[in-house]
Amino acid sequence: MVMEMINVDVTKLSSKGQIVIPQDMREEFSVGDKFVIIKDDHQLILKPLQDLGKNFMEDLKFAKRTVEALGKYEKGKFKEASSKDFLVELEKW
């Protein structure tokens, strides 16, 4: 099973409306690269312009699942598990 790791970090909006992409998340990008931003309610999706056609619908589905998972987490509907137990559960999927 191949699993892509998700990188999560926190940033903030400046008084000029700028958002800093954390350094470890921007390593594959260059100064001047262009991005598309899609807003759906309180959700923002940032995608490199050159990748717009690649897996776009999958990106939208992933974003929706992420928002749903965050909602469940905020309602206390998540359970804690060790990394070993988590991987055992993941293999069952």
# chains A, B, ... in the order shown; residues from 1 in each chain; ligands from 1

call {"tool": "select_by_dssp", "arguments": {"residues": "segment 4-38 of chain A", "states": "strand (DSSP E or B)", "output": "ChimeraX atom specification"}}
result
/A:13,19,35-38

call {"tool": "select_by_dssp", "arguments": {"residues": "chain A", "states": "helix (DSSP H, G or I)", "output": "number ranges by chain"}}
result
A: 23-25, 49-51, 56-74, 83-92

call {"tool": "closest_atom_pairs", "arguments": {"of": "segment 2-46 of chain A", "to": "segment 51-72 of chain A", "cutoff": "12 Å", "atoms": "only C-alpha atoms", "output": "CSV"}}
result
residue,atom,partner,partner_atom,distance
A:Ile6,CA,A:Thr66,CA,10.7
A:Val8,CA,A:Thr66,CA,11.3
A:Asp33,CA,A:Asp51,CA,11.3
A:Lys34,CA,A:Asp51,CA,10.3
A:Phe35,CA,A:Leu52,CA,8.8
A:Val36,CA,A:Leu52,CA,7.7
A:Ile37,CA,A:Leu52,CA,10.5
A:Ile38,CA,A:Leu60,CA,9.4
A:Lys39,CA,A:Leu60,CA,10.8
A:Asp40,CA,A:Lys64,CA,9.6
A:Asp41,CA,A:Val67,CA,10.6
A:His42,CA,A:Val67,CA,9.3
A:Gln43,CA,A:Val67,CA,7.6
A:Leu44,CA,A:Ala63,CA,8.6
A:Ile45,CA,A:Ala63,CA,7.3
A:Leu46,CA,A:Asp59,CA,9.8

call {"tool": "atom_distance", "arguments": {"atom1": "atom CA of Phe78 of chain A", "atom2": "atom CA of Val20 of chain A"}}
result
29.2 Å

call {"tool": "atom_distance", "arguments": {"atom1": "atom CA of Ser30 of chain A", "atom2": "atom CA of Gly17 of chain A"}}
result
20.4 Å

call {"tool": "residues_around", "arguments": {"residues": "Met25 of chain A", "least_positions_apart": "4", "cutoff": "9 Å", "atoms": "only C-alpha atoms", "output": "MDAnalysis selection string"}}
result
chainID A and resid 7:9 21 29
